[in-house]
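Notes follow once the structure below has been shown.
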Amino acid sequence: MTGAQIVIDALQKEGVDVIFGFPGGAILDVFDVLDRSPIKFILVRHEQGAAHAADGYARATGKVGVCMATSGPGATNLVTGIATAYMDSVPIVAFTGQVPTGMIGNDAFQEVAIVNITQSITKHNFLVKDVRDLPRIIKEAFYIARTGRPGPVLIDLPKDVQKSTLSDYKYPESVEIRSYKPIYDGHPLMIKKAIAAIERSERPVIYAGGGIIVSNASKELRELAERCDIPVTTTLLGLGAFPETHPLSLKMLGMHGTQYANFAINEADLLIAIGARFDDRVTGKISEFAPNAKDIIHIDIDPSAISKNVKVSIPVVGDCKRTLQKILKNIKPLKHTAWVERCKEWKKQYPLKFKDDDILRPQYVIEQVYKLTKGEAIIVTEVGQHQMWAAHYYNYTKPRTFLSSGGLGTMGYGFPAAIGAQAAFPDKMVIDIAGDGSIQMNIQELATVSSYNLPVKIVVINNHYLGMVRQWQELFYGRNYAYTCLRRRADCPPFCQGSRPECPEFIPDFVKLAEAYGVVGLRAMRKEEVVPALQKAFETPKPALVDCWVYEEENVFPMIPAGASIKQMIGGMA
Amino acid sequence: MQHIISVLVENRFGVLARIAGLFSSRGFNIDSLAVSETQDPTMSRINLIVSGDDHIIEQVNKQLNKLIDVIKVQDLTREPHIERELVLVKINCLPKNRAEIIQIVNIFDAKVVDFSKKSITVEIIGTEEKLNSFFELMKVFGIREISRTGRIALPRGD
Ligand SMILES: Cc1ncc(C[n+]2csc(CCOP(=O)(O)OP(=O)(O)O)c2C)c(N)n1
Ligand SMILES: [Mg+2]
């Protein structure tokens with residue numbers, strides 16, 4: 001068998017049913033075999049789209065996503081997607097073509113050292129120098145990508161390795177990597193300590209992250225919260241880990257978290273962090289984060305995440321699901337009536353809210369998406385204000401139904417990731433909540449959804465601005481809207497502080513653009529147009545884009561400015 | 001504080017680059033680094049000297065452990081260990097100073113490995129402290145060049 005045949009055979013043995021990619025000279029041999037295999041291939045229009053699609057597929061299914069590109073520019077185009085997956089611990093395997101081994105290092109045509117380039121943004125990567133290593137490397141790559149703290153793995157495949165043959169090919173049945181042994185079972189003593197801390201706490205809060213979703217521990221999380229009467233807040237990546245419609249849910253915490261979640265963290269005497277990493281967007285000023293917590297329990301599979309940012313008193317290195325199961329085996333039912341009441345009071349007093357007037361507000365659009373889909377859709381987002389509104393005004397009740405670039409904050413993630421999710425679940429409603437800026441970063445994928453008839457719905461929250469950056473300019477830069485207006489032209493006045501009637505038209509016309517690609521294009525300019533447009537888009541079996549022209553200078557509140565503490569929280573009402 | 005960290009890694013191409021890359025991308029400082037094969041040719045030992053407070057050293061340890069090619073990380077500073085470094089030092093040496101230099105060399109258990117009209121090259125093995133006092137004494141004559149292996153170490157006993 002040739003190297004190329006081995007790749008395709010190995011992928012089938014790994015259960016891969018779809019690959020996202022883009023061809024080129026250095027990966028042609030693999031494509032030639034792929035074309036004759038039962039694996040489905042989705043041709044994206046830019047390799048960044050392929051990496052994000054593999055990521056979206058992985059987040060939506062929990063399986064490893066696969067993308068493939070040629071050497072040089074094909075490989076470098078994957079980089080943003082790989083980094084995005086790395087920051088959010090998403091298992092993908094990326095294959096890149098490479099110049100023949102004999103030419104490596106010669107600055108050959110379309111040669112880049114992609115293994116070096118991706119060293120700090122992959123969990124691991126391989127340059128295959130000998131076809132005899134190929135079966136083992138593919139086996140290891142999938143194993144490394146999906147186990148422990150998952151992450152992207154890249155395999156660089158020189159052209160001659162794809163062509164060379166291996167007579168005694170056999171795909172390995174098992175993996176043994178002496179230097180890689182993830183710890184799944186938390187230390188019994190630490191688990192005991194954790195149980196004791198929970199049992200003596202008066203004001204406990206669970207702070208749950210993406211790790212709950214990665215380890216499929218939502219059921220256990222809910223059981224712990226209910227049995228011990230503990231309010232739960234989640235990170236952005238943890239949305240869906242705990243039903244937001246549940247009375248114990250405090251929704252999201254952090255910079256744009258709910259006031260009640262942040263109040264609860266502030267007063268908690270015990271913080272139970274599970275599968276979360278105390279990111280700066282969550283903690284704000286570290287020294288004032290959870291100031292009343294006598295203990296912090298931190299359950300995480302990655303030892304390096306523990307005590308990295310916040311000193312933790314009870315570290316439990318282990319898989320979230322298994323650790324929670326062990327805790328549940330021994331923990332008594334508890335009641336924290338007064339504390340839970342206090343949290344409920346905050347929820348009532350400081351709800352997420354926006355002005356309900358005649359103006360088309362961005363939050364209203366999200367609310368309608370929630371109502372029309374009954375919360376049953378897979379929501380994917382780009383990055384910006386719309387991402388935060390999508391987090392606030394839609395209630396996530398199931399894991400793997402909210403896909404968003406949290407760690408890297410990659411504009412352009414959402415649409416291709418939605419393609420990946422839709423490819424995994426052809427019959428589910430998959431909606432990309434997009435910003436008018438972000439959507440343009442991978443707009444070319446309209447061709448992909450159109451040609452494969454992937455019925456992804458794009459809801460553009462069109463504020464004519466790079467809104468999140470504009471918000472920072474409004475709040476912290478004296479309202480100087482430098483380079484954030486997407487309508488701006490050469491003849492606009494120098495210091496712009498907001499739109500005026502004589503402002504130029506918005507470019508592009510998203511409706512026409514969608515139509516040009518054979519995608520249904522709809523527009524809502526007024527509040528009453530939103531529901532009919534969304535309904536039409538959701539009903540058509542085709543991909544559709546709804547361009548919603550929302551109030552331009554809406555801000556995302558509440559907000560704790562970067563590096564600040566809860567005392568500096570700005571506003572509840574947008 | 002300086003720590004000496006011994007890292008057992010897969011003896012594979014690119015592993016050193018991963019370790020060096022980890023240090024530069026995470027902003028850790030390496031004071032010295034020495035790499036070589038071990039008794040098992042599939043493994044290499046990397047001796048790292050790193051400075052930082054406990055928090056940084058803990059992160060260095062954890063991040064090293066996270067690399068797939070890393071088999072074992074040991075902070076030898078925390079246990080009894082033997083530490084050595086070999087240095088080649090080329091010293092200005094006029095005929096009138098020769099005797100004095102050789103005397104010092106002998107006292108330090110060092111060895112003269114090369115001689116010329118104007119210089120002498122000495123091989124010296126020892127701990128950081130011993131090496132520093134040797135350099136101090138040689139400064140009077142003028143040190144022309146130094147080449148060091150970097151500190152290497154092994155834990156004491158079994
Ligand atoms: C690739 C990339 N470049 C720049 C940024 C910085 N950034 C964060 S949010 C944002 C504005 C996004 O604008 P839009 O997509 O219109 O969303 P909005 O905030 O208006 O809802 C920018 C530029 C980023 N996150 N990603
Ligand atoms: Mg915008």
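Identifiers for the structure tokens are assigned positionally: chains receive A, B, ... in sequence, residues are indexed from 1 per chain, and ligands are indexed from 1 in the order shown.
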
Test item: residues at most 7 Å from A:Ala390, only C-alpha atoms, excluding those fewer than 4 positions along its chain, as a PyMOL selection string: chain A and resi 366+386+394+433

Selection within 8 Å of ligand 1 by only C-alpha atoms and all ligand atoms, output as an NGL selection string: :A and (382-387 or 408-412 or 434-439 or 441 or 461-470 or 484)

Write out as JSON lines the residues of chain B that have any atom within 9 Å of an atom of chain A, one row each with the nearest atom pair and its distance in Å to one decimal, counting only C-alpha atoms, sorted by chain and then rising number.
{"residue": "B:Val9", "atom": "CA", "partner": "A:Ser179", "partner_atom": "CA", "distance": 8.0}
{"residue": "B:Glu10", "atom": "CA", "partner": "A:Ser179", "partner_atom": "CA", "distance": 7.9}
{"residue": "B:Gly14", "atom": "CA", "partner": "A:Asn116", "partner_atom": "CA", "distance": 8.7}
{"residue": "B:Ala17", "atom": "CA", "partner": "A:Asn116", "partner_atom": "CA", "distance": 8.3}
{"residue": "B:Arg18", "atom": "CA", "partner": "A:Gln119", "partner_atom": "CA", "distance": 6.9}
{"residue": "B:Gly21", "atom": "CA", "partner": "A:Ser120", "partner_atom": "CA", "distance": 7.3}
{"residue": "B:Leu22", "atom": "CA", "partner": "A:Ser120", "partner_atom": "CA", "distance": 7.2}
{"residue": "B:Ser25", "atom": "CA", "partner": "A:Ser120", "partner_atom": "CA", "distance": 7.3}
{"residue": "B:His55", "atom": "CA", "partner": "A:Lys308", "partner_atom": "CA", "distance": 8.0}
{"residue": "B:Glu58", "atom": "CA", "partner": "A:Ser304", "partner_atom": "CA", "distance": 8.5}
{"residue": "B:Gln59", "atom": "CA", "partner": "A:Ser304", "partner_atom": "CA", "distance": 6.5}
{"residue": "B:Asn61", "atom": "CA", "partner": "A:Ser304", "partner_atom": "CA", "distance": 8.6}
{"residue": "B:Lys62", "atom": "CA", "partner": "A:Ser304", "partner_atom": "CA", "distance": 5.0}
{"residue": "B:Gln63", "atom": "CA", "partner": "A:Ser304", "partner_atom": "CA", "distance": 6.2}
{"residue": "B:Asn65", "atom": "CA", "partner": "A:Ser179", "partner_atom": "CA", "distance": 8.6}
{"residue": "B:Lys66", "atom": "CA", "partner": "A:Ser304", "partner_atom": "CA", "distance": 7.7}
{"residue": "B:Leu67", "atom": "CA", "partner": "A:His124", "partner_atom": "CA", "distance": 7.6}
{"residue": "B:Ile68", "atom": "CA", "partner": "A:Tyr180", "partner_atom": "CA", "distance": 5.6}
{"residue": "B:Asp69", "atom": "CA", "partner": "A:Ser179", "partner_atom": "CA", "distance": 5.9}
{"residue": "B:Val70", "atom": "CA", "partner": "A:Ser179", "partner_atom": "CA", "distance": 5.6}
{"residue": "B:Ile71", "atom": "CA", "partner": "A:Ser179", "partner_atom": "CA", "distance": 4.2}
{"residue": "B:Lys72", "atom": "CA", "partner": "A:Ser179", "partner_atom": "CA", "distance": 7.5}

Length of the atom CA of A:Ser499 to atom CA of A:Cys485 vector [Å]: 8.6 Å

Atom CA of A:Trp472 to atom CA of A:Gly81, straight-line distance in Å: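 Interatomic distance here is 25.9 Å.
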
Residues of chain B in alpha helix (DSSP H), written as a PyMOL selection string: chain B and resi 15-26+54-66+98-107+128-139

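What separates atom CA of A:Phe476 from atom CA of A:Gly238 is a distance of 29.0 Å.
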
Would you kindly return, as a PDB file with C-alpha atoms, in the first residue's frame, each protein, DNA or RNA residue with an atom no farther than 8 Å from any atom of B:Ile125, considering only C-alpha atoms and excluding same-chain residues fewer than 6 positions away?
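Ended up saving to selection.pdb:
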ATOM      1  CA  ARG B  84      29.188  19.291  37.615  1.00  0.00           C
ATOM      2  CA  GLU B  85      30.233  21.450  34.760  1.00  0.00           C
ATOM      3  CA  LEU B  86      33.245  21.233  32.490  1.00  0.00           C
ATOM      4  CA  VAL B  87      34.842  24.412  31.215  1.00  0.00           C
ATOM      5  CA  ALA B 110      42.278  21.418  36.779  1.00  0.00           C
ATOM      6  CA  LEU B 131      34.404  27.648  38.732  1.00  0.00           C
TER       7      LEU B 131
END

Residues flagged strand (DSSP E) by DSSP in stretch 436-504 of chain A, as a VMD selection string: chain A and resid 457 to 462

Contacts of A:Met252 within 7 Å, only C-alpha atoms, excl. fewer than 5 positions in-chain, as a ChimeraX atom specification: /A:233-236,257-258,261

Residues as selected, all heavy atoms, written as a compact mmCIF listing (two decimals), in the first residue's frame, can you do that?
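Contents of the output file part20.txt:
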# COMPACT_ATOMS: atom_id res chain seq x y z
N THR A 233 -22.65 28.62 37.92
CA THR A 233 -22.38 29.58 36.84
C THR A 233 -21.41 28.92 35.88
O THR A 233 -20.62 28.06 36.28
CB THR A 233 -21.83 30.91 37.39
OG1 THR A 233 -21.50 31.75 36.27
CG2 THR A 233 -20.57 30.72 38.22
N THR A 234 -21.51 29.28 34.61
CA THR A 234 -20.59 28.67 33.65
C THR A 234 -19.79 29.74 32.92
O THR A 234 -20.18 30.90 32.88
CB THR A 234 -21.32 27.82 32.57
OG1 THR A 234 -21.93 28.71 31.64
CG2 THR A 234 -22.36 26.91 33.17
N THR A 235 -18.70 29.29 32.33
CA THR A 235 -17.92 30.15 31.45
C THR A 235 -18.61 30.19 30.09
O THR A 235 -19.58 29.47 29.85
CB THR A 235 -16.52 29.57 31.25
OG1 THR A 235 -16.65 28.31 30.57
CG2 THR A 235 -15.81 29.36 32.57
N LEU A 236 -18.05 30.97 29.18
CA LEU A 236 -18.59 31.02 27.81
C LEU A 236 -18.55 29.62 27.20
O LEU A 236 -19.52 29.16 26.61
CB LEU A 236 -17.75 32.00 26.97
CG LEU A 236 -18.24 32.22 25.54
CD1 LEU A 236 -19.49 33.08 25.52
CD2 LEU A 236 -17.16 32.86 24.69
N GLY A 257 -20.38 38.64 32.25
CA GLY A 257 -21.27 37.72 32.93
C GLY A 257 -22.45 38.46 33.53
O GLY A 257 -22.50 39.69 33.54
N THR A 258 -23.40 37.69 34.04
CA THR A 258 -24.55 38.32 34.68
C THR A 258 -24.10 38.94 36.00
O THR A 258 -23.11 38.51 36.60
CB THR A 258 -25.64 37.28 34.99
OG1 THR A 258 -25.10 36.30 35.88
CG2 THR A 258 -26.13 36.59 33.73
N ALA A 261 -24.31 36.28 38.76
CA ALA A 261 -23.23 35.29 38.82
C ALA A 261 -22.01 35.91 39.48
O ALA A 261 -21.37 35.31 40.35
CB ALA A 261 -22.87 34.81 37.42
